[in-house]
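Working notes, structure below.
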2 protein chains.
Amino acid sequence: METGQRHEQQTATQRRRTELLEAAERVVLRDGPEASMNAIAAEAGITKPILYRHFGDKSGLYRALAKRHTDALLATLRAALDSPGDRRDRVEATLHAYLSAIETRPQVYRFLMHPAETPSDERGFDVGRHSVPLLRRMGEDLGEVIAERLDLGPDTRQVARVWGHGIVGMMYAAGDWWLGERPLSRDLLVRHLADLLWGRLAEAGDRAGSPGL
Amino acid sequence: METGQRHEQQTATQRRRTELLEAAERVVLRDGPEASMNAIAAEAGITKPILYRHFGDKSGLYRALAKRHTDALLATLRAALDSPGDRRDRVEATLHAYLSAIETRPQVYRFLMHPAETPSDERGFDVGRHSVPLLRRMGEDLGEVIAERLDLGPDTRQVARVWGHGIVGMMYAAGDWWLGERPLSRDLLVRHLADLLWGRLAEAGDRAGSPGL
DNA sequence: GACTGCTGTTACCGCAAGTAACTAGCATGT
DNA sequence: ACATGCTAGTTACTTGCGGTAACAGCAGTC
């Protein structure tokens, strides 16, 4: 059973790791993203160097922390993208899923989207560091789904990627603004955004006395 | 000439301030947003406390630094929004203006959009701090322009704000992605985004063998 | 000449990231 | 029985940054 023991050990460290992640999450959700490594270690009942052994550096810890939520959110969105109904229904369902997610756990949202990193990570490569990858992943994912399902002419794939990132950005910025001010219901917000995607911008009439067409 | 002298003094400190800002800009553009106050002071040929006298704290310096570029960019976009042609022309011109701006000075762009702040700012209120305000301002501005010019029914203002933030987010995320990979020309990108806003998502046909409508 | 207000300095505090060096438990190979 | 090697843990340190006294020189003003 030597491999069995080996395996036990591995899963044990694995478990420890997720325990540490949960402690980190508690602290981050309480103190914001500026939580110190000391504070996190204390919450986990240990001291700093162990955190560093597990996650390399602070950025590593945060990346591990972000990955969990990111994966969960993406799964939710994928599910909404497969919901029943016509295309408009699915788009609205996806918008709802996203907005509902950021609405129910704004702390997590802020951590994922506005991390306020401070590492000295500027070694040439790896430019997009940490605050964007979620947006990027969502954009790429949505682009793939669009390319799979829609026929957009000869360069469907390219158009789909552009649209994927564009739509995700629309969702993101509108959601971020809405989450701060809440000037309308989620339902209305979703409808207005879907209207925008459905070409109402092109169809709308000019206002009386406004310049140009 | 006492007020004259007074005035001289004020403009002198004013000038000093912009000199410091220019030094700061040089360093930030060279070293990224993690540039230390020491480094900036050194570049300006002075020492830290003077920077603090002028700008309060690091966040203040960065805010002052950001304001210049933000104002300039917003002016450019406003101009594009007033360009001649029909509505689609103006939308494309605005997208071009934005993308061209971030393309010609990506360093500035990265500073404005991904600042990586590190202040101890978590005093309850005023959650959205410093990394988003440009997006917010662009969204609000665009929303106002839309509300001024378009007739969107009874709650035009609300719809316009939603659309303003949404469109800005679309521009932002697509631009951010595009700036990193450059998989297509700026012209094409603009066209695809405008197509998206013009309702082509709703009109597109299903791909053969794809699920649902 | 004393006062004000600016420029600038050196020298420090506090704190967070990250590291070095070491100890203790525990299963293994010989 | 014993050395080996792995992991979890510690204390005590270095480095570097943001930020702040406290002080010095040098205008122009009353």
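Chain labels run A, B, ... following the order of the structure tokens; each chain numbers its residues from 1, and ligands are numbered from 1 in the order shown.
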Leaving out DG16 (chain D) and any residue of its chain fewer than 4 positions from it, which residues lie within 12 Å of it when counting only C-alpha atoms (C1' of nucleotides), given as number ranges by chain? A: 120; B: 36-38; C: 15-18
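Near chain B, within 9 Å and counting only C-alpha atoms (C1' of nucleotides), the residues of chain D are DC17, DG18, DG19, DT20, DG28 and DT29 of chain D.
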Using the selection just defined, write its residues with all heavy atoms as a CSV table (one decimal), in the first residue's frame.
```csv
chain,number,residue,atom,x,y,z
D,17,DC,P,10.9,50.4,-3.1
D,17,DC,OP1,10.9,50.1,-4.5
D,17,DC,OP2,11.9,51.3,-2.5
D,17,DC,O5',9.5,50.9,-2.7
D,17,DC,C5',8.4,50.0,-2.6
D,17,DC,C4',7.4,50.5,-1.7
D,17,DC,O4',7.9,50.3,-0.3
D,17,DC,C3',7.1,52.0,-1.8
D,17,DC,O3',5.8,52.3,-2.1
D,17,DC,C2',7.5,52.6,-0.4
D,17,DC,C1',7.4,51.4,0.5
D,17,DC,N1,8.4,51.5,1.6
D,17,DC,C2,7.9,51.4,2.9
D,17,DC,O2,6.6,51.4,3.1
D,17,DC,N3,8.7,51.5,4.0
D,17,DC,C4,10.0,51.6,3.7
D,17,DC,N4,10.8,51.7,4.8
D,17,DC,C5,10.6,51.7,2.4
D,17,DC,C6,9.7,51.6,1.4
D,18,DG,P,5.4,53.7,-2.6
D,18,DG,OP1,4.5,53.6,-3.7
D,18,DG,OP2,6.6,54.6,-2.6
D,18,DG,O5',4.5,54.2,-1.3
D,18,DG,C5',3.3,53.4,-1.0
D,18,DG,C4',2.8,53.9,0.4
D,18,DG,O4',3.8,53.7,1.4
D,18,DG,C3',2.4,55.4,0.4
D,18,DG,O3',1.2,55.5,1.1
D,18,DG,C2',3.6,56.0,1.1
D,18,DG,C1',4.0,54.9,2.1
D,18,DG,N9,5.5,54.9,2.4
D,18,DG,C8,6.5,54.9,1.5
D,18,DG,N7,7.7,55.0,2.1
D,18,DG,C5,7.4,54.9,3.4
D,18,DG,C6,8.3,55.0,4.5
D,18,DG,O6,9.5,55.0,4.6
D,18,DG,N1,7.6,54.9,5.7
D,18,DG,C2,6.2,54.9,5.9
D,18,DG,N2,5.7,54.9,7.1
D,18,DG,N3,5.4,54.9,4.8
D,18,DG,C4,6.0,54.9,3.6
D,19,DG,P,0.5,57.0,1.0
D,19,DG,OP1,-0.9,56.8,1.3
D,19,DG,OP2,0.9,57.7,-0.2
D,19,DG,O5',1.2,57.7,2.3
D,19,DG,C5',1.0,57.0,3.6
D,19,DG,C4',1.7,57.7,4.6
D,19,DG,O4',3.1,57.4,4.5
D,19,DG,C3',1.7,59.3,4.6
D,19,DG,O3',1.1,59.7,5.8
D,19,DG,C2',3.1,59.7,4.4
D,19,DG,C1',3.9,58.5,5.0
D,19,DG,N9,5.3,58.4,4.5
D,19,DG,C8,5.7,58.3,3.2
D,19,DG,N7,7.0,58.2,3.1
D,19,DG,C5,7.4,58.2,4.4
D,19,DG,C6,8.8,58.2,4.9
D,19,DG,O6,9.8,58.1,4.3
D,19,DG,N1,8.8,58.3,6.3
D,19,DG,C2,7.7,58.4,7.1
D,19,DG,N2,7.9,58.4,8.4
D,19,DG,N3,6.4,58.4,6.7
D,19,DG,C4,6.4,58.3,5.3
D,20,DT,P,0.9,61.3,6.1
D,20,DT,OP1,-0.4,61.4,6.8
D,20,DT,OP2,1.1,62.0,4.8
D,20,DT,O5',2.1,61.5,7.1
D,20,DT,C5',2.3,60.5,8.1
D,20,DT,C4',3.4,61.0,9.0
D,20,DT,O4',4.7,60.8,8.5
D,20,DT,C3',3.3,62.5,9.4
D,20,DT,O3',3.6,62.6,10.7
D,20,DT,C2',4.5,63.1,8.5
D,20,DT,C1',5.5,61.9,8.6
D,20,DT,N1,6.5,61.9,7.5
D,20,DT,C2,7.8,61.9,7.7
D,20,DT,O2,8.2,61.8,8.9
D,20,DT,N3,8.6,61.8,6.6
D,20,DT,C4,8.2,61.8,5.3
D,20,DT,O4,9.0,61.8,4.4
D,20,DT,C5,6.8,61.9,5.1
D,20,DT,C7,6.3,61.9,3.7
D,20,DT,C6,6.0,61.9,6.2
D,28,DG,P,11.8,88.6,-4.3
D,28,DG,OP1,11.5,88.6,-5.8
D,28,DG,OP2,12.9,89.4,-3.8
D,28,DG,O5',10.5,89.0,-3.5
D,28,DG,C5',9.2,88.6,-3.8
D,28,DG,C4',8.4,88.8,-2.5
D,28,DG,O4',9.2,88.3,-1.4
D,28,DG,C3',8.1,90.2,-2.2
D,28,DG,O3',6.7,90.4,-2.2
D,28,DG,C2',8.7,90.5,-0.8
D,28,DG,C1',8.8,89.1,-0.3
D,28,DG,N9,9.9,88.9,0.7
D,28,DG,C8,11.3,89.0,0.5
D,28,DG,N7,12.0,88.8,1.6
D,28,DG,C5,11.0,88.6,2.6
D,28,DG,C6,11.2,88.3,4.0
D,28,DG,O6,12.2,88.2,4.6
D,28,DG,N1,9.9,88.2,4.6
D,28,DG,C2,8.7,88.2,4.0
D,28,DG,N2,7.6,88.1,4.7
D,28,DG,N3,8.5,88.5,2.7
D,28,DG,C4,9.7,88.6,2.0
D,29,DT,P,6.0,91.8,-1.9
D,29,DT,OP1,4.7,91.8,-2.7
D,29,DT,OP2,7.0,92.8,-2.2
D,29,DT,O5',5.7,91.7,-0.4
D,29,DT,C5',4.9,90.6,0.1
D,29,DT,C4',4.4,90.9,1.5
D,29,DT,O4',5.5,90.7,2.5
D,29,DT,C3',4.0,92.4,1.8
D,29,DT,O3',2.9,92.4,2.7
D,29,DT,C2',5.2,93.0,2.5
D,29,DT,C1',5.7,91.8,3.3
D,29,DT,N1,7.2,91.8,3.6
D,29,DT,C2,7.6,91.5,4.9
D,29,DT,O2,6.8,91.3,5.8
D,29,DT,N3,9.0,91.5,5.1
D,29,DT,C4,9.9,91.8,4.1
D,29,DT,O4,11.1,91.7,4.4
D,29,DT,C5,9.4,92.1,2.8
D,29,DT,C7,10.4,92.3,1.7
D,29,DT,C6,8.1,92.1,2.6
```
Using only C-alpha atoms (C1' of nucleotides), which protein or nucleic acid residues come within 10 Å of DA27 (chain D)? Drop anything in the same chain fewer than 3 positions from it, and give the result as a PyMOL selection string. chain C and resi 5-7
Each residue of region 136-162 of chain B with at least one atom at most 12 Å from region 87-97 of chain B should appear once, together with its nearest atom pair and the corresponding distance in Å (one decimal); atoms considered: only C-alpha atoms; ordering: chain, then increasing residue number; output as a tab-separated table.
```
residue	atom	partner	partner_atom	distance
B:Met138	CA	B:Thr94	CA	11.7
B:Leu142	CA	B:Thr94	CA	10.4
B:Val145	CA	B:Val91	CA	11.9
B:Ile146	CA	B:Arg87	CA	11.1
B:Arg149	CA	B:Arg87	CA	10.4
B:Leu150	CA	B:Arg87	CA	10.5
```
DSSP helix (DSSP H, G or I) residues within region 19-199 of chain B, listed as a ChimeraX atom specification: /B:19-31,37-43,48-55,58-81,87-104,106-113,133-149,156-181,186-197
Using only C-alpha atoms, I'd like a table of the residues in chain A that come within 8 Å of chain B; for each, show the closest atom pair and its distance in Å rounded to one decimal, ordered by chain and ascending number, as CSV.
```
residue,atom,partner,partner_atom,distance
A:Asp31,CA,B:Glu122,CA,7.9
A:Gly32,CA,B:Glu122,CA,7.0
A:Glu34,CA,B:Ser120,CA,7.0
A:Pro84,CA,B:Gly212,CA,7.9
A:Gly85,CA,B:Gly212,CA,7.7
A:Asp86,CA,B:Leu213,CA,5.5
A:Arg87,CA,B:Leu213,CA,6.1
A:Arg88,CA,B:Ala202,CA,7.8
A:His114,CA,B:Ser131,CA,7.4
A:Pro115,CA,B:Ala116,CA,7.8
A:Ala116,CA,B:Ala116,CA,4.9
A:Glu117,CA,B:Ala116,CA,5.1
A:Thr118,CA,B:Thr118,CA,5.6
A:Ser120,CA,B:Glu34,CA,7.1
A:Glu122,CA,B:Gly32,CA,7.8
A:Ser131,CA,B:His114,CA,7.5
A:Leu135,CA,B:Ala173,CA,7.6
A:Arg136,CA,B:Trp177,CA,7.1
A:Glu148,CA,B:Ser210,CA,7.0
A:Arg149,CA,B:Arg207,CA,5.1
A:Leu150,CA,B:Asp206,CA,4.7
A:Asp151,CA,B:Arg207,CA,4.8
A:Leu152,CA,B:Ala204,CA,6.4
A:Val159,CA,B:His192,CA,6.3
A:Val162,CA,B:Ala174,CA,6.3
A:Trp163,CA,B:Leu196,CA,6.8
A:His165,CA,B:Ala174,CA,5.1
A:Gly166,CA,B:Met170,CA,4.1
A:Ile167,CA,B:Met170,CA,5.9
A:Val168,CA,B:Met170,CA,7.0
A:Gly169,CA,B:Met170,CA,4.4
A:Met170,CA,B:Gly166,CA,4.1
A:Met171,CA,B:Gly166,CA,6.5
A:Tyr172,CA,B:Gly169,CA,6.6
A:Ala173,CA,B:Gly169,CA,4.7
A:Ala174,CA,B:Gly166,CA,5.0
A:Trp177,CA,B:Arg136,CA,7.2
A:Gly180,CA,B:Gly128,CA,7.7
A:Leu189,CA,B:Val162,CA,7.1
A:His192,CA,B:Val159,CA,6.3
A:Leu193,CA,B:Trp163,CA,6.8
A:Leu196,CA,B:Leu197,CA,6.8
A:Leu197,CA,B:Gly199,CA,5.8
A:Trp198,CA,B:Gly199,CA,4.6
A:Gly199,CA,B:Gly199,CA,3.6
A:Arg200,CA,B:Gly199,CA,7.3
A:Leu201,CA,B:Trp198,CA,6.8
A:Ala202,CA,B:Trp198,CA,5.5
A:Ala204,CA,B:Leu152,CA,6.4
A:Gly205,CA,B:Asp151,CA,5.5
A:Asp206,CA,B:Leu150,CA,4.7
A:Arg207,CA,B:Leu150,CA,4.7
A:Ala208,CA,B:Arg149,CA,8.0
A:Ser210,CA,B:Arg149,CA,5.1
A:Pro211,CA,B:Arg149,CA,7.3
A:Gly212,CA,B:Asp86,CA,7.0
A:Leu213,CA,B:Asp86,CA,5.6
```
Contact residues around Phe55 (chain B) with only C-alpha atoms (C1' of nucleotides) at 10 Å, ignoring same-chain residues under 5 positions, as a list in words: Arg17, Leu20, Leu21, Pro49, Ile50, Gly60, Leu61, Tyr62, Arg63 and Ala64 of chain B
Would you save the residues from that selection as a PDB file, in the first residue's frame, using all heavy atoms?
```pdb
ATOM      1  N   ARG B  17       3.882  72.178 -10.051  1.00  0.00           N
ATOM      2  CA  ARG B  17       3.010  71.002  -9.949  1.00  0.00           C
ATOM      3  C   ARG B  17       2.948  70.239 -11.265  1.00  0.00           C
ATOM      4  O   ARG B  17       3.093  69.018 -11.300  1.00  0.00           O
ATOM      5  CB  ARG B  17       1.603  71.464  -9.550  1.00  0.00           C
ATOM      6  CG  ARG B  17       0.639  70.356  -9.243  1.00  0.00           C
ATOM      7  CD  ARG B  17      -0.749  70.935  -9.001  1.00  0.00           C
ATOM      8  NE  ARG B  17      -1.787  69.968  -9.298  1.00  0.00           N
ATOM      9  CZ  ARG B  17      -2.424  69.255  -8.363  1.00  0.00           C
ATOM     10  NH1 ARG B  17      -2.105  69.414  -7.110  1.00  0.00           N
ATOM     11  NH2 ARG B  17      -3.355  68.383  -8.705  1.00  0.00           N
ATOM     12  N   LEU B  20       6.126  68.403 -11.842  1.00  0.00           N
ATOM     13  CA  LEU B  20       6.163  67.155 -11.082  1.00  0.00           C
ATOM     14  C   LEU B  20       5.287  66.103 -11.760  1.00  0.00           C
ATOM     15  O   LEU B  20       5.679  64.934 -11.867  1.00  0.00           O
ATOM     16  CB  LEU B  20       5.679  67.400  -9.655  1.00  0.00           C
ATOM     17  CG  LEU B  20       6.522  68.372  -8.832  1.00  0.00           C
ATOM     18  CD1 LEU B  20       6.015  68.442  -7.398  1.00  0.00           C
ATOM     19  CD2 LEU B  20       7.989  67.960  -8.849  1.00  0.00           C
ATOM     20  N   LEU B  21       4.141  66.515 -12.218  1.00  0.00           N
ATOM     21  CA  LEU B  21       3.259  65.566 -12.889  1.00  0.00           C
ATOM     22  C   LEU B  21       3.931  64.979 -14.123  1.00  0.00           C
ATOM     23  O   LEU B  21       3.807  63.780 -14.393  1.00  0.00           O
ATOM     24  CB  LEU B  21       1.953  66.263 -13.290  1.00  0.00           C
ATOM     25  CG  LEU B  21       0.880  66.309 -12.213  1.00  0.00           C
ATOM     26  CD1 LEU B  21      -0.355  67.030 -12.698  1.00  0.00           C
ATOM     27  CD2 LEU B  21       0.523  64.880 -11.794  1.00  0.00           C
ATOM     28  N   PRO B  49       8.909  64.136   0.417  1.00  0.00           N
ATOM     29  CA  PRO B  49       7.948  65.006   1.113  1.00  0.00           C
ATOM     30  C   PRO B  49       7.346  66.088   0.237  1.00  0.00           C
ATOM     31  O   PRO B  49       6.204  66.508   0.452  1.00  0.00           O
ATOM     32  CB  PRO B  49       8.788  65.598   2.245  1.00  0.00           C
ATOM     33  CG  PRO B  49       9.790  64.556   2.528  1.00  0.00           C
ATOM     34  CD  PRO B  49      10.154  63.979   1.189  1.00  0.00           C
ATOM     35  N   ILE B  50       8.088  66.542  -0.764  1.00  0.00           N
ATOM     36  CA  ILE B  50       7.540  67.570  -1.631  1.00  0.00           C
ATOM     37  C   ILE B  50       6.366  67.023  -2.431  1.00  0.00           C
ATOM     38  O   ILE B  50       5.337  67.690  -2.575  1.00  0.00           O
ATOM     39  CB  ILE B  50       8.629  68.077  -2.578  1.00  0.00           C
ATOM     40  CG1 ILE B  50       9.825  68.494  -1.723  1.00  0.00           C
ATOM     41  CG2 ILE B  50       8.135  69.238  -3.383  1.00  0.00           C
ATOM     42  CD1 ILE B  50      10.960  68.986  -2.523  1.00  0.00           C
ATOM     43  N   GLY B  60      -3.553  60.624  -4.566  1.00  0.00           N
ATOM     44  CA  GLY B  60      -3.794  61.967  -5.072  1.00  0.00           C
ATOM     45  C   GLY B  60      -2.962  62.249  -6.308  1.00  0.00           C
ATOM     46  O   GLY B  60      -3.460  62.809  -7.290  1.00  0.00           O
ATOM     47  N   LEU B  61      -1.707  61.869  -6.255  1.00  0.00           N
ATOM     48  CA  LEU B  61      -0.852  62.045  -7.414  1.00  0.00           C
ATOM     49  C   LEU B  61      -1.426  61.309  -8.617  1.00  0.00           C
ATOM     50  O   LEU B  61      -1.560  61.881  -9.703  1.00  0.00           O
ATOM     51  CB  LEU B  61       0.541  61.509  -7.097  1.00  0.00           C
ATOM     52  CG  LEU B  61       1.736  62.034  -7.896  1.00  0.00           C
ATOM     53  CD1 LEU B  61       3.017  61.381  -7.420  1.00  0.00           C
ATOM     54  CD2 LEU B  61       1.599  61.796  -9.380  1.00  0.00           C
ATOM     55  N   TYR B  62      -1.801  60.063  -8.397  1.00  0.00           N
ATOM     56  CA  TYR B  62      -2.310  59.264  -9.504  1.00  0.00           C
ATOM     57  C   TYR B  62      -3.613  59.827 -10.025  1.00  0.00           C
ATOM     58  O   TYR B  62      -3.890  59.772 -11.212  1.00  0.00           O
ATOM     59  CB  TYR B  62      -2.475  57.806  -9.054  1.00  0.00           C
ATOM     60  CG  TYR B  62      -1.189  57.033  -9.143  1.00  0.00           C
ATOM     61  CD1 TYR B  62       0.017  57.622  -8.798  1.00  0.00           C
ATOM     62  CD2 TYR B  62      -1.152  55.726  -9.604  1.00  0.00           C
ATOM     63  CE1 TYR B  62       1.211  56.934  -8.899  1.00  0.00           C
ATOM     64  CE2 TYR B  62       0.038  55.023  -9.701  1.00  0.00           C
ATOM     65  CZ  TYR B  62       1.210  55.623  -9.339  1.00  0.00           C
ATOM     66  OH  TYR B  62       2.387  54.935  -9.444  1.00  0.00           O
ATOM     67  N   ARG B  63      -4.414  60.361  -9.130  1.00  0.00           N
ATOM     68  CA  ARG B  63      -5.666  60.946  -9.579  1.00  0.00           C
ATOM     69  C   ARG B  63      -5.388  62.153 -10.472  1.00  0.00           C
ATOM     70  O   ARG B  63      -5.981  62.308 -11.542  1.00  0.00           O
ATOM     71  CB  ARG B  63      -6.519  61.357  -8.375  1.00  0.00           C
ATOM     72  CG  ARG B  63      -7.949  60.879  -8.453  1.00  0.00           C
ATOM     73  CD  ARG B  63      -8.716  61.228  -7.196  1.00  0.00           C
ATOM     74  NE  ARG B  63      -8.156  60.572  -6.011  1.00  0.00           N
ATOM     75  CZ  ARG B  63      -7.820  61.191  -4.897  1.00  0.00           C
ATOM     76  NH1 ARG B  63      -7.974  62.498  -4.783  1.00  0.00           N
ATOM     77  NH2 ARG B  63      -7.320  60.519  -3.883  1.00  0.00           N
ATOM     78  N   ALA B  64      -4.459  62.986 -10.026  1.00  0.00           N
ATOM     79  CA  ALA B  64      -4.103  64.150 -10.836  1.00  0.00           C
ATOM     80  C   ALA B  64      -3.565  63.711 -12.187  1.00  0.00           C
ATOM     81  O   ALA B  64      -3.884  64.286 -13.232  1.00  0.00           O
ATOM     82  CB  ALA B  64      -3.059  64.991 -10.106  1.00  0.00           C
TER      83      ALA B  64
END
```
With distances taken over only C-alpha atoms (C1' of nucleotides), which residue among B:Leu112, B:Ile46, B:Val28, B:Ala39 lies nearest chain C?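 Nearest candidate to chain C out of B:Leu112, B:Ile46, B:Val28, B:Ala39: B:Ile46.
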Please identify which residues in chain A DSSP calls strand (DSSP E or B) from the backbone, and express them as a CSV table (one decimal) with C-alpha atoms, in the first residue's frame.
```
chain,number,residue,atom,x,y,z
A,150,LEU,CA,-24.6,31.2,-35.2
A,151,ASP,CA,-23.8,31.5,-38.8
A,205,GLY,CA,-36.0,58.0,-33.7
A,206,ASP,CA,-34.2,61.3,-33.4
```
Interatomic distance (Å, one decimal) between C1' of DC23 (chain D) and CA of Ala12 (chain B):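 Taking C1' of DC23 (chain D) as the start and CA of Ala12 (chain B) as the end point, the length is 24.2 Å.
CA of Arg157 (chain B) is positioned 26.3 Å from CA of Ala101 (chain A).
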Which one of A:Glu22, A:Thr11, A:Ser59, A:Leu29 sits closest to chain C if you count only C-alpha atoms (C1' of nucleotides)? A:Ser59
